$ cat start-v9.txt   # compact mmCIF, C-alpha atoms
# COMPACT_ATOMS: atom_id res chain seq x y z
CA MET A 1 12.44 -31.35 6.98
CA TYR A 2 11.71 -28.83 9.68
CA GLU A 3 8.24 -29.97 10.71
CA VAL A 4 9.22 -32.32 13.57
CA PRO A 5 11.63 -29.96 15.37
CA ARG A 6 9.27 -27.07 14.69
CA LEU A 7 6.38 -28.96 16.30
CA ALA A 8 8.51 -29.80 19.33
CA ILE A 9 9.60 -26.19 19.75
CA GLU A 10 6.07 -24.82 19.31
CA ILE A 11 4.79 -27.20 22.00
CA ALA A 12 7.69 -26.31 24.30
CA SER A 13 7.05 -22.61 23.70
CA ALA A 14 3.35 -22.96 24.54
CA ILE A 15 4.19 -24.83 27.75
CA LEU A 16 6.71 -22.17 28.79
CA TYR A 17 4.22 -19.38 28.07
CA PHE A 18 1.59 -21.02 30.26
CA ILE A 19 4.12 -21.62 33.05
CA LEU A 20 4.99 -17.93 32.87
CA VAL A 21 1.30 -17.08 33.16
CA ARG A 22 1.14 -19.13 36.34
CA TYR A 23 3.97 -17.10 37.87
CA MET A 24 2.85 -13.73 36.50
CA ILE A 25 -0.65 -14.05 37.91
CA LYS A 26 0.80 -14.24 41.44
CA PRO A 27 1.32 -10.45 41.81
CA TYR A 28 -2.36 -9.89 41.07
CA GLY A 29 -3.29 -12.52 43.63
CA LEU A 30 -1.15 -10.75 46.23
CA THR A 31 -2.16 -7.14 45.44
CA ARG A 32 -5.51 -7.38 43.59
CA GLU A 33 -4.34 -4.51 41.37
CA GLU A 34 -5.73 -4.62 37.81
CA ARG A 35 -2.47 -3.40 36.27
CA TYR A 36 -0.86 -6.73 37.15
CA LEU A 37 -3.28 -8.58 34.86
CA GLY A 38 -1.73 -7.24 31.64
CA LEU A 39 1.37 -9.43 31.54
CA PRO A 40 -0.29 -12.79 32.33
CA LEU A 41 -3.03 -12.05 29.78
CA GLY A 42 -0.52 -11.06 27.10
CA PHE A 43 1.66 -14.11 27.63
CA GLY A 44 -1.45 -16.25 27.84
CA PHE A 45 -2.50 -15.05 24.38
CA LEU A 46 0.99 -15.93 23.11
CA GLY A 47 0.63 -19.41 24.58
CA VAL A 48 -2.70 -19.83 22.81
CA ALA A 49 -1.12 -18.66 19.54
CA GLU A 50 1.65 -21.25 19.82
CA THR A 51 -0.88 -23.96 20.71
CA ILE A 52 -2.94 -23.12 17.62
CA LEU A 53 0.20 -23.19 15.48
CA ALA A 54 1.19 -26.60 16.88
CA ILE A 55 -2.29 -27.92 16.06
CA GLY A 56 -1.88 -26.56 12.54
CA ILE A 57 1.35 -28.52 12.14
CA ILE A 58 -0.30 -31.76 13.26
CA LEU A 59 -3.64 -31.34 11.48
CA PRO A 60 -3.97 -30.09 7.88
CA ILE A 61 -6.50 -27.36 8.71
CA HIS A 62 -6.48 -24.61 6.10
CA GLY A 63 -6.07 -21.11 7.50
CA ILE A 64 -5.28 -22.10 11.08
CA GLY A 65 -1.92 -20.41 10.69
CA THR A 66 -3.82 -17.21 9.96
CA VAL A 67 -5.47 -17.32 13.37
CA SER A 68 -2.11 -17.98 15.03
CA VAL A 69 -0.43 -14.99 13.34
CA VAL A 70 -3.34 -12.69 14.23
CA MET A 71 -3.37 -13.94 17.83
CA ARG A 72 0.39 -13.46 18.22
CA THR A 73 0.24 -9.93 16.81
CA PHE A 74 -2.68 -9.11 19.09
CA ALA A 75 -0.69 -10.37 22.09
CA PHE A 76 2.26 -8.09 21.33
CA VAL A 77 -0.04 -5.10 20.76
CA PHE A 78 -1.75 -5.87 24.05
CA LEU A 79 1.60 -6.12 25.88
CA ALA A 80 2.72 -2.80 24.37
CA PHE A 81 -0.42 -1.08 25.71
CA THR A 82 0.09 -2.80 29.05
CA TYR A 83 3.58 -1.35 29.39
CA TYR A 84 2.41 2.05 28.14
CA PHE A 85 -0.15 2.32 30.94
CA SER A 86 1.93 0.52 33.59
CA LYS A 87 3.50 3.75 34.86
CA LYS A 88 0.26 5.71 34.78
CA PRO A 89 -1.63 4.68 37.93
CA SER A 90 -4.31 7.40 37.76
CA LYS A 91 -7.99 6.50 37.48
CA ASN A 92 -8.21 8.09 34.03
CA SER A 93 -5.32 5.98 32.78
CA ARG A 94 -6.90 2.85 34.23
CA PHE A 95 -10.20 3.68 32.53
CA ALA A 96 -8.43 4.30 29.19
CA TRP A 97 -6.55 0.99 29.57
CA ILE A 98 -9.81 -0.89 30.13
CA ILE A 99 -11.44 0.78 27.10
CA ILE A 100 -8.48 -0.01 24.84
CA LEU A 101 -8.27 -3.59 26.14
CA SER A 102 -11.97 -4.14 25.52
CA SER A 103 -11.72 -2.65 22.03
CA ILE A 104 -8.75 -4.84 21.12
CA ILE A 105 -10.46 -8.00 22.39
CA VAL A 106 -13.68 -7.17 20.51
CA GLY A 107 -11.68 -6.44 17.37
CA LEU A 108 -9.72 -9.68 17.68
CA THR A 109 -12.87 -11.73 18.24
CA THR A 110 -14.61 -10.12 15.27
CA TRP A 111 -11.59 -10.70 13.06
CA ILE A 112 -11.25 -14.38 13.97
CA LEU A 113 -14.98 -14.97 13.49
CA SER A 114 -14.78 -13.33 10.06
CA LEU A 115 -11.86 -15.60 9.18
CA VAL A 116 -13.80 -18.68 10.20
CA SER A 117 -16.83 -17.75 8.07
CA ALA A 118 -15.06 -16.14 5.11
CA PRO A 119 -13.22 -17.67 2.14
CA LEU A 120 -10.04 -16.10 3.53
CA MET A 121 -9.96 -18.84 6.12
CA THR A 122 -9.58 -21.39 3.36
CA ILE A 123 -6.65 -19.77 1.58
CA GLY A 124 -5.02 -18.01 4.51
CA ILE A 125 -3.81 -14.44 4.64
CA THR A 126 -1.95 -12.81 1.77
CA THR A 127 1.80 -12.49 1.95
CA SER A 128 1.68 -8.71 2.15
CA PHE A 129 -0.81 -8.69 5.02
CA GLY A 130 1.15 -11.38 6.84
CA ILE A 131 4.24 -9.20 6.54
CA PHE A 132 2.27 -6.22 7.86
CA LEU A 133 1.15 -8.18 10.93
CA ARG A 134 4.71 -9.27 11.67
CA ILE A 135 6.02 -5.72 11.23
CA LEU A 136 3.33 -4.46 13.62
CA ALA A 137 4.35 -7.09 16.18
CA LEU A 138 8.01 -6.12 15.74
CA VAL A 139 7.18 -2.42 16.26
CA CYS A 140 5.34 -3.27 19.49
CA LEU A 141 8.24 -5.39 20.70
CA SER A 142 10.67 -2.57 19.89
CA TYR A 143 8.61 -0.20 22.03
CA ILE A 144 8.54 -2.72 24.89
CA CYS A 145 12.32 -3.19 24.65
CA ILE A 146 12.89 0.57 24.86
CA HIS A 147 10.40 0.94 27.71
CA THR A 148 11.89 -1.85 29.82
CA LEU A 149 15.46 -0.69 29.06
CA ARG A 150 14.60 2.81 30.31
CA SER A 151 13.08 1.30 33.44
CA HIS A 152 16.26 -0.68 33.97
CA ILE A 153 18.41 2.45 33.65
CA LYS A 154 16.21 4.36 36.11
CA SER A 155 16.20 1.57 38.69
CA LEU A 156 20.01 1.27 38.78
CA ASP A 157 19.53 -2.42 39.53
CA PRO A 158 21.81 -4.67 37.43
CA THR A 159 19.43 -7.61 37.78
CA THR A 160 16.63 -5.85 35.86
CA ILE A 161 18.64 -6.04 32.62
CA TRP A 162 17.19 -9.54 32.15
CA ILE A 163 13.75 -8.09 31.37
CA PRO A 164 14.67 -6.05 28.25
CA LEU A 165 17.05 -8.86 27.24
CA GLY A 166 14.14 -11.29 27.17
CA PHE A 167 12.06 -8.98 24.99
CA ILE A 168 15.03 -8.32 22.69
CA LEU A 169 15.31 -12.07 22.13
CA LEU A 170 11.58 -12.25 21.36
CA ALA A 171 12.07 -9.36 18.91
CA ILE A 172 14.88 -11.26 17.20
CA SER A 173 12.59 -14.27 16.90
CA GLN A 174 9.84 -12.09 15.45
CA TYR A 175 12.30 -10.57 12.96
CA SER A 176 13.19 -14.07 11.76
CA GLN A 177 9.46 -14.70 11.21
CA LEU A 178 9.36 -11.53 9.13
CA ILE A 179 12.26 -12.76 6.98
CA ARG A 180 10.52 -16.08 6.40
CA ALA A 181 7.24 -14.38 5.51
CA ALA A 182 8.98 -12.10 3.01
CA ASP A 183 11.00 -14.83 1.33
CA GLU A 184 10.77 -18.43 2.49
CA ASN A 185 13.67 -19.47 0.28
CA TYR A 186 16.15 -16.82 1.47
CA LEU A 187 18.23 -18.09 4.40
CA TYR A 188 15.22 -20.15 5.45
CA GLY A 189 17.24 -22.49 7.61
CA VAL A 190 19.19 -19.72 9.34
CA ALA A 191 16.06 -17.67 10.05
CA PHE A 192 14.18 -20.76 11.22
CA VAL A 193 16.81 -22.11 13.62
CA GLY A 194 17.98 -18.72 14.86
CA GLY A 195 14.48 -17.40 15.44
CA LEU A 196 13.25 -20.44 17.35
CA ALA A 197 16.43 -20.58 19.42
CA ALA A 198 16.08 -16.88 20.30
CA ARG A 199 12.48 -17.43 21.38
CA LEU A 200 13.31 -20.36 23.65
CA ILE A 201 16.22 -18.50 25.25
CA GLY A 202 14.02 -15.45 25.73
CA LEU A 203 11.32 -17.54 27.41
CA ALA A 204 13.95 -19.12 29.65
CA VAL A 205 15.05 -15.62 30.68
CA PHE A 206 11.47 -14.64 31.51
CA LEU A 207 10.98 -17.83 33.47
CA TYR A 208 14.06 -17.02 35.54
CA VAL A 209 12.86 -13.45 36.16
CA ALA A 210 9.32 -14.56 37.02
CA TYR A 211 10.50 -17.26 39.43
CA ARG A 212 13.00 -14.95 41.11
CA THR A 213 10.42 -12.14 41.42
CA PHE A 214 7.79 -14.40 42.97
CA TYR A 215 10.33 -16.04 45.27
CA ARG A 216 11.52 -12.65 46.51
CA ALA A 217 7.93 -11.42 46.87
CA THR A 218 7.07 -14.48 48.96
CA LYS A 219 9.99 -13.90 51.32
CA ARG A 220 9.44 -10.12 51.56
CA GLY A 221 5.65 -10.25 51.57
CA GLY A 222 5.38 -7.79 48.69
CA ILE A 223 6.15 -7.04 45.05
CA ASN A 224 9.18 -5.00 44.03
CA GLU A 225 8.12 -2.97 41.00
CA ALA A 226 11.66 -3.00 39.57
CA ASP A 227 11.75 -6.79 39.56
CA ARG A 228 8.45 -7.19 37.72
CA PRO A 229 8.88 -8.22 34.01
$ encode --input "start-v9.txt" --output "structure tokens"
Amino acid sequence: MYEVPRLAIEIASAILYFILVRYMIKPYGLTREERYLGLPLGFGFLGVAETILAIGIILPIHGIGTVSVVMRTFAFVFLAFTYYFSKKPSKNSRFAWIIILSSIIVGLTTWILSLVSAPLMTIGITTSFGIFLRILALVCLSYICIHTLRSHIKSLDPTTIWIPLGFILLAISQYSQLIRAADENYLYGVAFVGGLAARLIGLAVFLYVAYRTFYRATKRGGINEADRP
């Protein structure tokens, strides 16, 4: 019943994520600062996760949903670390960020390879572990929401409220995924429709922020830190 609209929304989500990557990579191109790579990489991983999920809806590949859930959780963990180190421009902080990033990527790669070669890939992840991954993603999103909301309060710029709003909508979407993982029969339709709608609205908010930030940067010849997602 939900497969066709779900496929359409997953494809639309993947496209929006990759469009956001295109905009978010611009600050790095203008400044060549490594700290600006975190957001495009994180949203790129989310785009890959949605692409994998869309493939899983089209093709009956056992366990492909497992890879998508792991990839999505990894992306939110990565974004949380990106925001944690974003206000720490020292060399030590940059070195720690690179070490953590490398460790997370190695861990993700090892995990996916183990899924491909292990029987777990055939049956997928257990319900309890799937719930754990979604809770971890929700915790990371909660941290990002708090971090960006504090940045908004400090900047005293009313336009920056769009950034935490976008992450709050993604958190709502992730919470709906948690409800579905815990009990697919309980309010399945409400969680499904509400979660996907929240995600699309959140991505639209980020697209607006990213376009506005790049447009302003192009006219000013620089990046305003308060405008950056």
$ atom_distance --input "start-v9.txt" --atom1 "atom CA of Ser128 of chain A" --atom2 "atom CA of Ala49 of chain A"
20.2 Å
$ residues_around --input "start-v9.txt" --residues "Ala14 of chain A" --least-positions-apart "2" --cutoff "12 Å" --atoms "all atoms listed in the file" --output "list in words"
Leu7, Ala8, Ile9, Glu10, Ile11, Ala12, Leu16, Tyr17, Phe18, Ile19, Leu20, Val21, Phe43, Gly44, Phe45, Leu46, Gly47, Val48, Ala49, Glu50, Thr51, Ile52, Leu53, Ala54, Ile55, Arg72, Arg199, Leu200 and Leu203 of chain A
$ closest_residue --input "start-v9.txt" --among "A:Leu178, A:Val70, A:Val4, A:Leu136" --to "Ile58 of chain A" --atoms "only C-alpha atoms"
A:Val4
$ atom_distance --input "start-v9.txt" --atom1 "atom CA of Phe78 of chain A" --atom2 "atom CA of Ser176 of chain A"
21.0 Å
$ residues_around --input "start-v9.txt" --residues "Val139 of chain A" --least-positions-apart "3" --cutoff "10 Å" --atoms "only C-alpha atoms" --output "PDB file with C-alpha atoms, in the coordinates of the input"
ATOM      1  CA  PHE A  76       2.260  -8.090  21.330  1.00  0.00           C
ATOM      2  CA  VAL A  77      -0.040  -5.100  20.760  1.00  0.00           C
ATOM      3  CA  ALA A  80       2.720  -2.800  24.370  1.00  0.00           C
ATOM      4  CA  LEU A 133       1.150  -8.180  10.930  1.00  0.00           C
ATOM      5  CA  ARG A 134       4.710  -9.270  11.670  1.00  0.00           C
ATOM      6  CA  ILE A 135       6.020  -5.720  11.230  1.00  0.00           C
ATOM      7  CA  LEU A 136       3.330  -4.460  13.620  1.00  0.00           C
ATOM      8  CA  SER A 142      10.670  -2.570  19.890  1.00  0.00           C
ATOM      9  CA  TYR A 143       8.610  -0.200  22.030  1.00  0.00           C
ATOM     10  CA  ILE A 144       8.540  -2.720  24.890  1.00  0.00           C
ATOM     11  CA  CYS A 145      12.320  -3.190  24.650  1.00  0.00           C
ATOM     12  CA  ALA A 171      12.070  -9.360  18.910  1.00  0.00           C
TER      13      ALA A 171
END
$ atom_distance --input "start-v9.txt" --atom1 "atom CA of Ala204 of chain A" --atom2 "atom CA of Gly166 of chain A"
8.2 Å
$ residues_around --input "start-v9.txt" --residues "Thr159 of chain A" --least-positions-apart "2" --cutoff "12 Å" --atoms "only C-alpha atoms" --output "VMD selection string"
chain A and resid 149 151 to 153 155 to 157 161 to 165 205 208 to 209 212 to 213 226 to 229
$ residues_near_point --input "start-v9.txt" --point "(3.4, -13.3, 16.7)" --cutoff "7 Å" --atoms "only C-alpha atoms" --output "PyMOL selection string"
chain A and resi 69+71-73+134+137+174
